[in-house]
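For reference, the structure is listed below as structure tokens.
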Amino acid sequence: MQNTKATALSAVAALKYQGDPLADAVIADLVAGGTTGAVNEVLARFRDNDQPVPEDLPEPVRRYLVATDAPPDWADLERIAAAYEFFVDDGVHVASVLSFGAMVNCYAQPRPSRVLSLTHRLNQPHRRLSETSQFVLNMMGPAPFGSGGAFVPTIQKTRLIHAAVRHFITRSGEWDVEADGVPLCQQDMLGALLIFSVQVIDGMRRIGIAVTDREAEDYYYVWRVTGALLGIPADAMPETLAEAQALNAQLVETSYGPSAEGIELTRNLLRLYENLVPGKAFDGVVAAMVRQVVTPQVADWLEVPHSRAWVRTVGAGTRVMRLLERSEDRSRAATAVLDKAGSLLLGGSVRTLTDGQSTALTIPSDLREKWLAAGVCPMAPPPGG
């Protein structure tokens, strides 16, 4: 067992020096030809799975889009469709844990946090939160990789963005690849995948949301398919949720820790959430929610404020949530308690009141209709609707 664990950790450690050759080559070609701006304009209009690859793109970009436009052969599309039903029922809870837990756990990784600092995004938590939310919304559609979906172009463009970040940071003179590995390396990508899958399920259960083993397995499975399309080596991603949980624990032990960048990122994120809650009286509840979803060590590393009164209040609320989740008849009051945090995130926009910036989310019409019919998420109507 010890040898198996050591071998797995060694393989994961090697990912620290691995980028994404396919996407990296495309970015290098675009930068050399000075065509990044024109390509960005074309890709901005490339949004749906059913759209043909735009003709007015450089040939390397077209080849990349064709090569990455389908899930791996082993992907079970019926199983992916089953995960959609889970998201219809619990999407706002997923959003709650993504916002209060997953984002903060990302900042507990010093190397990715430093990447964010070098791309000048420490003070833009609304943008990172909105982009992550849109990614998950597109991922959890009824057919995210098929006709009618919008997830494949989302993945393709995300992969190119990661490659662009690697390209410019590596050449910035502010990053030592030999000492620190490749920026946004495959180890970082694998760690993020586990945060947004394994840790989200763990966080939901920690705040009292009932998630069946089948639902948890299917949710992780969709992320595993997504990871393959993002360029993460298939053999680096565990096949089962149990294996993923074990690897997640190992990565937390070996790659998490405090950093000045992580502390600042967390501080800015908490400020964003506090601005979403009217008045100052409830500011402490935001930090208390974060402490409920992440481990005490991570919260302490990132200097999340600690209020015993609010921690007790949130803890009591969690116990109430567990009781409500077990109830066969979920009343409107119960739904309001369970879904408030998620509705803030998925209510149409993520807004920072300090500087007036706003980032709109495109809620898939099928999810909007089902969530509105169930009364679980008071969302703004679609543009023009």
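Following the order of the structure tokens, chains are lettered A, B, ..., residues in each are numbered from 1, and ligands are numbered from 1.
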Interface rows for segment 128-205 of chain A against segment 234-257 of chain A: nearest pair, Å to one decimal, 10 Å, only C-alpha atoms, as JSON lines:
{"residue": "A:Gln186", "atom": "CA", "partner": "A:Ala236", "partner_atom": "CA", "distance": 9.1}
{"residue": "A:Gln187", "atom": "CA", "partner": "A:Ala236", "partner_atom": "CA", "distance": 9.0}
{"residue": "A:Asp188", "atom": "CA", "partner": "A:Ser255", "partner_atom": "CA", "distance": 9.4}
{"residue": "A:Leu190", "atom": "CA", "partner": "A:Met237", "partner_atom": "CA", "distance": 7.3}
{"residue": "A:Gly191", "atom": "CA", "partner": "A:Leu251", "partner_atom": "CA", "distance": 7.1}
{"residue": "A:Ala192", "atom": "CA", "partner": "A:Asn248", "partner_atom": "CA", "distance": 9.9}
{"residue": "A:Leu193", "atom": "CA", "partner": "A:Met237", "partner_atom": "CA", "distance": 9.1}
{"residue": "A:Leu194", "atom": "CA", "partner": "A:Asn248", "partner_atom": "CA", "distance": 6.2}
{"residue": "A:Ile195", "atom": "CA", "partner": "A:Asn248", "partner_atom": "CA", "distance": 7.9}
{"residue": "A:Ser197", "atom": "CA", "partner": "A:Ala244", "partner_atom": "CA", "distance": 9.1}
{"residue": "A:Val198", "atom": "CA", "partner": "A:Gln245", "partner_atom": "CA", "distance": 6.2}
{"residue": "A:Gln199", "atom": "CA", "partner": "A:Asn248", "partner_atom": "CA", "distance": 8.2}
{"residue": "A:Asp202", "atom": "CA", "partner": "A:Gln245", "partner_atom": "CA", "distance": 9.4}
Based on the selection just made, write N, CA, C and O atoms of those residues as a CSV table (one decimal), in the first residue's frame.
chain,number,residue,atom,x,y,z
A,186,GLN,N,-0.2,20.8,-15.1
A,186,GLN,CA,-1.3,19.8,-15.0
A,186,GLN,C,-1.5,19.4,-13.5
A,186,GLN,O,-2.6,18.9,-13.2
A,187,GLN,N,-0.6,19.5,-12.6
A,187,GLN,CA,-0.9,19.2,-11.2
A,187,GLN,C,-1.8,20.3,-10.7
A,187,GLN,O,-2.8,19.9,-9.9
A,188,ASP,N,-1.7,21.5,-11.1
A,188,ASP,CA,-2.6,22.6,-10.6
A,188,ASP,C,-4.0,22.3,-11.2
A,188,ASP,O,-5.0,22.5,-10.5
A,190,LEU,N,-5.3,19.4,-12.1
A,190,LEU,CA,-5.8,18.2,-11.4
A,190,LEU,C,-6.3,18.6,-10.0
A,190,LEU,O,-7.4,18.2,-9.6
A,191,GLY,N,-5.6,19.5,-9.3
A,191,GLY,CA,-6.0,19.9,-8.0
A,191,GLY,C,-7.3,20.7,-8.1
A,191,GLY,O,-8.2,20.6,-7.2
A,192,ALA,N,-7.4,21.6,-9.1
A,192,ALA,CA,-8.6,22.4,-9.2
A,192,ALA,C,-9.8,21.5,-9.5
A,192,ALA,O,-10.9,21.7,-9.0
A,193,LEU,N,-9.6,20.4,-10.4
A,193,LEU,CA,-10.7,19.5,-10.7
A,193,LEU,C,-11.2,18.8,-9.4
A,193,LEU,O,-12.4,18.7,-9.2
A,194,LEU,N,-10.3,18.4,-8.5
A,194,LEU,CA,-10.7,17.8,-7.3
A,194,LEU,C,-11.4,18.7,-6.3
A,194,LEU,O,-12.3,18.4,-5.6
A,195,ILE,N,-11.0,20.0,-6.3
A,195,ILE,CA,-11.6,21.0,-5.5
A,195,ILE,C,-13.1,21.2,-6.0
A,195,ILE,O,-14.0,21.2,-5.2
A,197,SER,N,-15.0,19.2,-7.6
A,197,SER,CA,-15.8,18.0,-7.7
A,197,SER,C,-15.8,17.3,-6.3
A,197,SER,O,-16.8,17.4,-5.6
A,198,VAL,N,-14.7,16.7,-5.8
A,198,VAL,CA,-14.7,16.0,-4.6
A,198,VAL,C,-15.0,17.0,-3.4
A,198,VAL,O,-15.8,16.7,-2.5
A,199,GLN,N,-14.3,18.1,-3.4
A,199,GLN,CA,-14.5,19.0,-2.2
A,199,GLN,C,-15.9,19.7,-2.2
A,199,GLN,O,-16.4,20.1,-1.2
A,202,ASP,N,-18.1,17.1,-0.6
A,202,ASP,CA,-17.8,17.1,0.8
A,202,ASP,C,-18.4,18.3,1.5
A,202,ASP,O,-19.0,18.2,2.6
>> Report as a list in words all protein, DNA and RNA residues lying within 8 Å of Phe151 of chain A, evaluated on only C-alpha atoms, omitting residues in the same chain fewer than 4 positions from it.
In response: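 Using only C-alpha atoms, the neighbours found are Asp48, Asn49, Phe135, Asn138, Met139, Pro144, Phe145 and Ile155 of chain A.
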> Restricting the calculation to only C-alpha atoms, which member of A:Leu184, A:Ala75, A:Val200, A:Ala216 is positioned closest to Ala228 of chain A?
Replying inline: A:Ala75
Which residues of segment 216-283 of chain A sit at most 12 Å from segment 160-171 of chain A, using only C-alpha atoms? Give each one's shortest atom pair and distance in Å (one decimal place), in chain and ascending residue order, as JSON lines.
{"residue": "A:Leu229", "atom": "CA", "partner": "A:Leu160", "partner_atom": "CA", "distance": 11.9}
{"residue": "A:Leu230", "atom": "CA", "partner": "A:Leu160", "partner_atom": "CA", "distance": 9.5}
{"residue": "A:Gly231", "atom": "CA", "partner": "A:Leu160", "partner_atom": "CA", "distance": 10.6}
Expected file contents, prior selection, C-alpha atoms, as an mmCIF file, in the first residue's frame:
data_model
loop_
_atom_site.group_PDB
_atom_site.id
_atom_site.type_symbol
_atom_site.label_atom_id
_atom_site.label_comp_id
_atom_site.auth_asym_id
_atom_site.auth_seq_id
_atom_site.Cartn_x
_atom_site.Cartn_y
_atom_site.Cartn_z
ATOM 1 C CA LEU A 229 -11.186 17.760 -22.541
ATOM 2 C CA LEU A 230 -9.185 20.323 -20.563
ATOM 3 C CA GLY A 231 -6.052 18.360 -21.386
#
> Quick one: residues within 10 Å of segment 16-30 of chain A, only C-alpha atoms counted, chain neighbours fewer than 2 positions away excluded, as a PyMOL selection string?
Replying inline: chain A and resi 11-14+32-39+58-65+67-68+156-157+159-168+177-189+230-233
Near segment 90-105 of chain A, 8 Å: segment 113-219 of chain A residue rows, closest pairs, only C-alpha atoms, as CSV:
residue,atom,partner,partner_atom,distance
A:Leu129,CA,A:Ser99,CA,7.2
A:Ser133,CA,A:Ala95,CA,7.3
A:Ile195,CA,A:Ala102,CA,5.8
A:Phe196,CA,A:Ala102,CA,6.1
A:Gln199,CA,A:Ala102,CA,7.0
A:Val200,CA,A:Val97,CA,5.9
A:Ile201,CA,A:Val94,CA,7.9
A:Gly203,CA,A:Val97,CA,6.0
A:Met204,CA,A:Val97,CA,6.3
A:Ile209,CA,A:His93,CA,7.6
>> Could you tell me how far atom CA of Glu264 of chain A sits from atom CA of Val286 of chain A, in Å to one decimal place?
In response: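 Computed distance, atom CA of Val286 of chain A to atom CA of Glu264 of chain A, equals 16.1 Å.
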> DSSP says alpha helix (DSSP H) for which residues of segment 24-153 of chain A? Put them as a VMD selection string?
Replying inline: chain A and resid 24 to 33 36 to 43 59 to 67 77 to 97 103 to 107 110 to 118 125 to 139 151 to 153
